[in-house]
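Engineer: The structure's right below; bear with me while I get my questions together.
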Amino acid sequence: MAAMWSVIAYTGFTVIAFYFFLLRPVLQNQKTQRKAVRQLQVGDEIITTGGIIGEVKDVVVPVDGPTELIIEIAPGVRVRAITDAVLRRLSTLEPDDAPTSPSTQPEASPGEVSHTSA
């Protein structure tokens, strides 16, 4: 009889440990990712699960089906993606009030890509 209770106790302890060490962190990460995706706005810079980096140009919420994003990956090149494809938000792009002169922008070092528009 005592052996049966010890097996039940060890099984219960294992289930609780599994929840706190493995399942709970994954669920919290998914919750924060869903929250970040719901807060996406036009102008946010994102990275997709496929590694594509782009700027959100429009958010389309159809009556049925997943929410779609229109992402600009290059000037004039726009693609459609569903919100499940968003890995994370890189930054929120705010429009500049005053244009900066080329002399005040930092120069890109060799091997580094400059993100200035021509």
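The chains in the structure tokens are called A, B, ... from first to last as shown; in each chain the residues are counted from 1, and the ligands are counted from 1 in the order shown.
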With a distance cut-off of 10 Å and only C-alpha atoms, select the neighbouring residues of A:Glu45, excluding the residue or stretch itself and same-chain residues fewer than 2 positions from it, and output the selection as a PyMOL selection string.

Structural biologist: chain A and resi 40-43+47+53-57+71-73+88-93

Engineer: Have a look at atom CA of A:Arg38 and atom CA of A:Pro62 and let me know their distance in Å, one decimal.

Structural biologist: 14.6 Å

Engineer: Counting only C-alpha atoms, what is within 12 Å of stretch 28-31 of chain A, bar same-chain residues fewer than 5 positions away, as a list in words?

Structural biologist: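 With the cut-off at 12 Å, the set is Tyr19, Phe20, Phe21, Leu22, Leu23, Ala36, Val37, Arg38, Asp84, Leu87 and Arg88 of chain A.
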
Engineer: Save the residues we just selected, C-alpha atoms, as an mmCIF file, in the first residue's frame?

Structural biologist:
data_model
loop_
_atom_site.group_PDB
_atom_site.id
_atom_site.type_symbol
_atom_site.label_atom_id
_atom_site.label_comp_id
_atom_site.auth_asym_id
_atom_site.auth_seq_id
_atom_site.Cartn_x
_atom_site.Cartn_y
_atom_site.Cartn_z
ATOM 1 C CA TYR A 19 4.795 21.903 -16.135
ATOM 2 C CA PHE A 20 7.038 24.421 -14.361
ATOM 3 C CA PHE A 21 10.317 23.593 -16.118
ATOM 4 C CA LEU A 22 9.174 22.830 -19.646
ATOM 5 C CA LEU A 23 5.614 23.810 -20.448
ATOM 6 C CA ALA A 36 3.450 41.708 -29.717
ATOM 7 C CA VAL A 37 1.869 40.615 -32.998
ATOM 8 C CA ARG A 38 -1.520 42.044 -31.979
ATOM 9 C CA ASP A 84 1.765 33.621 -37.659
ATOM 10 C CA LEU A 87 8.956 36.061 -35.612
ATOM 11 C CA ARG A 88 9.415 39.369 -33.800
#

Engineer: Between atom CA of A:Thr49 and atom CA of A:Ala85, what is the distance, to one decimal in Å?

Structural biologist: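 Computed distance, atom CA of A:Thr49 to atom CA of A:Ala85, equals 5.4 Å.
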
Engineer: Using only C-alpha atoms, which residue out of A:Ile8, A:Leu69, A:Val61, A:Ile46 lies closest to A:Ala81?

Structural biologist: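 Residue with the minimum atom-to-atom distance to A:Ala81: A:Leu69.
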
Engineer: One number please: atom CA of A:Leu27 to atom CA of A:Val15, in Å, one decimal.

Structural biologist: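 Calculated distance between atom CA of A:Leu27 and atom CA of A:Val15 is 15.9 Å.
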
Engineer: From the list A:Ile16, A:Val26, A:Ala2, A:Ile52, which residue is nearest A:Arg78 when using only C-alpha atoms?

Structural biologist: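 Ranking A:Ile16, A:Val26, A:Ala2, A:Ile52 by distance to A:Arg78, first place goes to A:Ile52.
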
Engineer: I need the residues in stretch 2-58 of chain A that are alpha helix (DSSP H) according to DSSP; give them as a PyMOL selection string.

Structural biologist: chain A and resi 2-18+24-38

Engineer: I need the residues from that last selection saved to file as a PDB file, in the first residue's frame (with C-alpha atoms), if you can.

Structural biologist:
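Output file selection.pdb is given in full below:
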ATOM      1  CA  ALA A   2       2.830   2.400   0.840  1.00  0.00           C
ATOM      2  CA  ALA A   3       4.514   1.637  -2.481  1.00  0.00           C
ATOM      3  CA  MET A   4       1.368   2.648  -4.342  1.00  0.00           C
ATOM      4  CA  TRP A   5       1.271   6.054  -2.612  1.00  0.00           C
ATOM      5  CA  SER A   6       4.946   6.659  -3.319  1.00  0.00           C
ATOM      6  CA  VAL A   7       4.387   5.925  -7.036  1.00  0.00           C
ATOM      7  CA  ILE A   8       1.438   8.335  -7.098  1.00  0.00           C
ATOM      8  CA  ALA A   9       3.485  10.991  -5.273  1.00  0.00           C
ATOM      9  CA  TYR A  10       6.465  10.629  -7.634  1.00  0.00           C
ATOM     10  CA  THR A  11       4.177  10.750 -10.664  1.00  0.00           C
ATOM     11  CA  GLY A  12       2.484  13.895  -9.349  1.00  0.00           C
ATOM     12  CA  PHE A  13       5.843  15.498  -8.622  1.00  0.00           C
ATOM     13  CA  THR A  14       7.047  14.647 -12.145  1.00  0.00           C
ATOM     14  CA  VAL A  15       3.952  16.189 -13.744  1.00  0.00           C
ATOM     15  CA  ILE A  16       4.307  19.374 -11.681  1.00  0.00           C
ATOM     16  CA  ALA A  17       8.035  19.609 -12.479  1.00  0.00           C
ATOM     17  CA  PHE A  18       7.311  19.062 -16.189  1.00  0.00           C
ATOM     18  CA  ARG A  24       5.123  27.095 -18.565  1.00  0.00           C
ATOM     19  CA  PRO A  25       8.095  28.993 -20.110  1.00  0.00           C
ATOM     20  CA  VAL A  26       6.985  27.991 -23.617  1.00  0.00           C
ATOM     21  CA  LEU A  27       3.410  29.094 -22.948  1.00  0.00           C
ATOM     22  CA  GLN A  28       4.598  32.453 -21.555  1.00  0.00           C
ATOM     23  CA  ASN A  29       6.812  32.996 -24.600  1.00  0.00           C
ATOM     24  CA  GLN A  30       3.907  32.249 -26.952  1.00  0.00           C
ATOM     25  CA  LYS A  31       1.668  34.628 -24.998  1.00  0.00           C
ATOM     26  CA  THR A  32       4.145  37.517 -25.255  1.00  0.00           C
ATOM     27  CA  GLN A  33       4.675  36.822 -28.962  1.00  0.00           C
ATOM     28  CA  ARG A  34       0.915  36.868 -29.650  1.00  0.00           C
ATOM     29  CA  LYS A  35       0.626  40.122 -27.701  1.00  0.00           C
ATOM     30  CA  ALA A  36       3.450  41.708 -29.717  1.00  0.00           C
ATOM     31  CA  VAL A  37       1.869  40.615 -32.998  1.00  0.00           C
ATOM     32  CA  ARG A  38      -1.520  42.044 -31.979  1.00  0.00           C
TER      33      ARG A  38
END
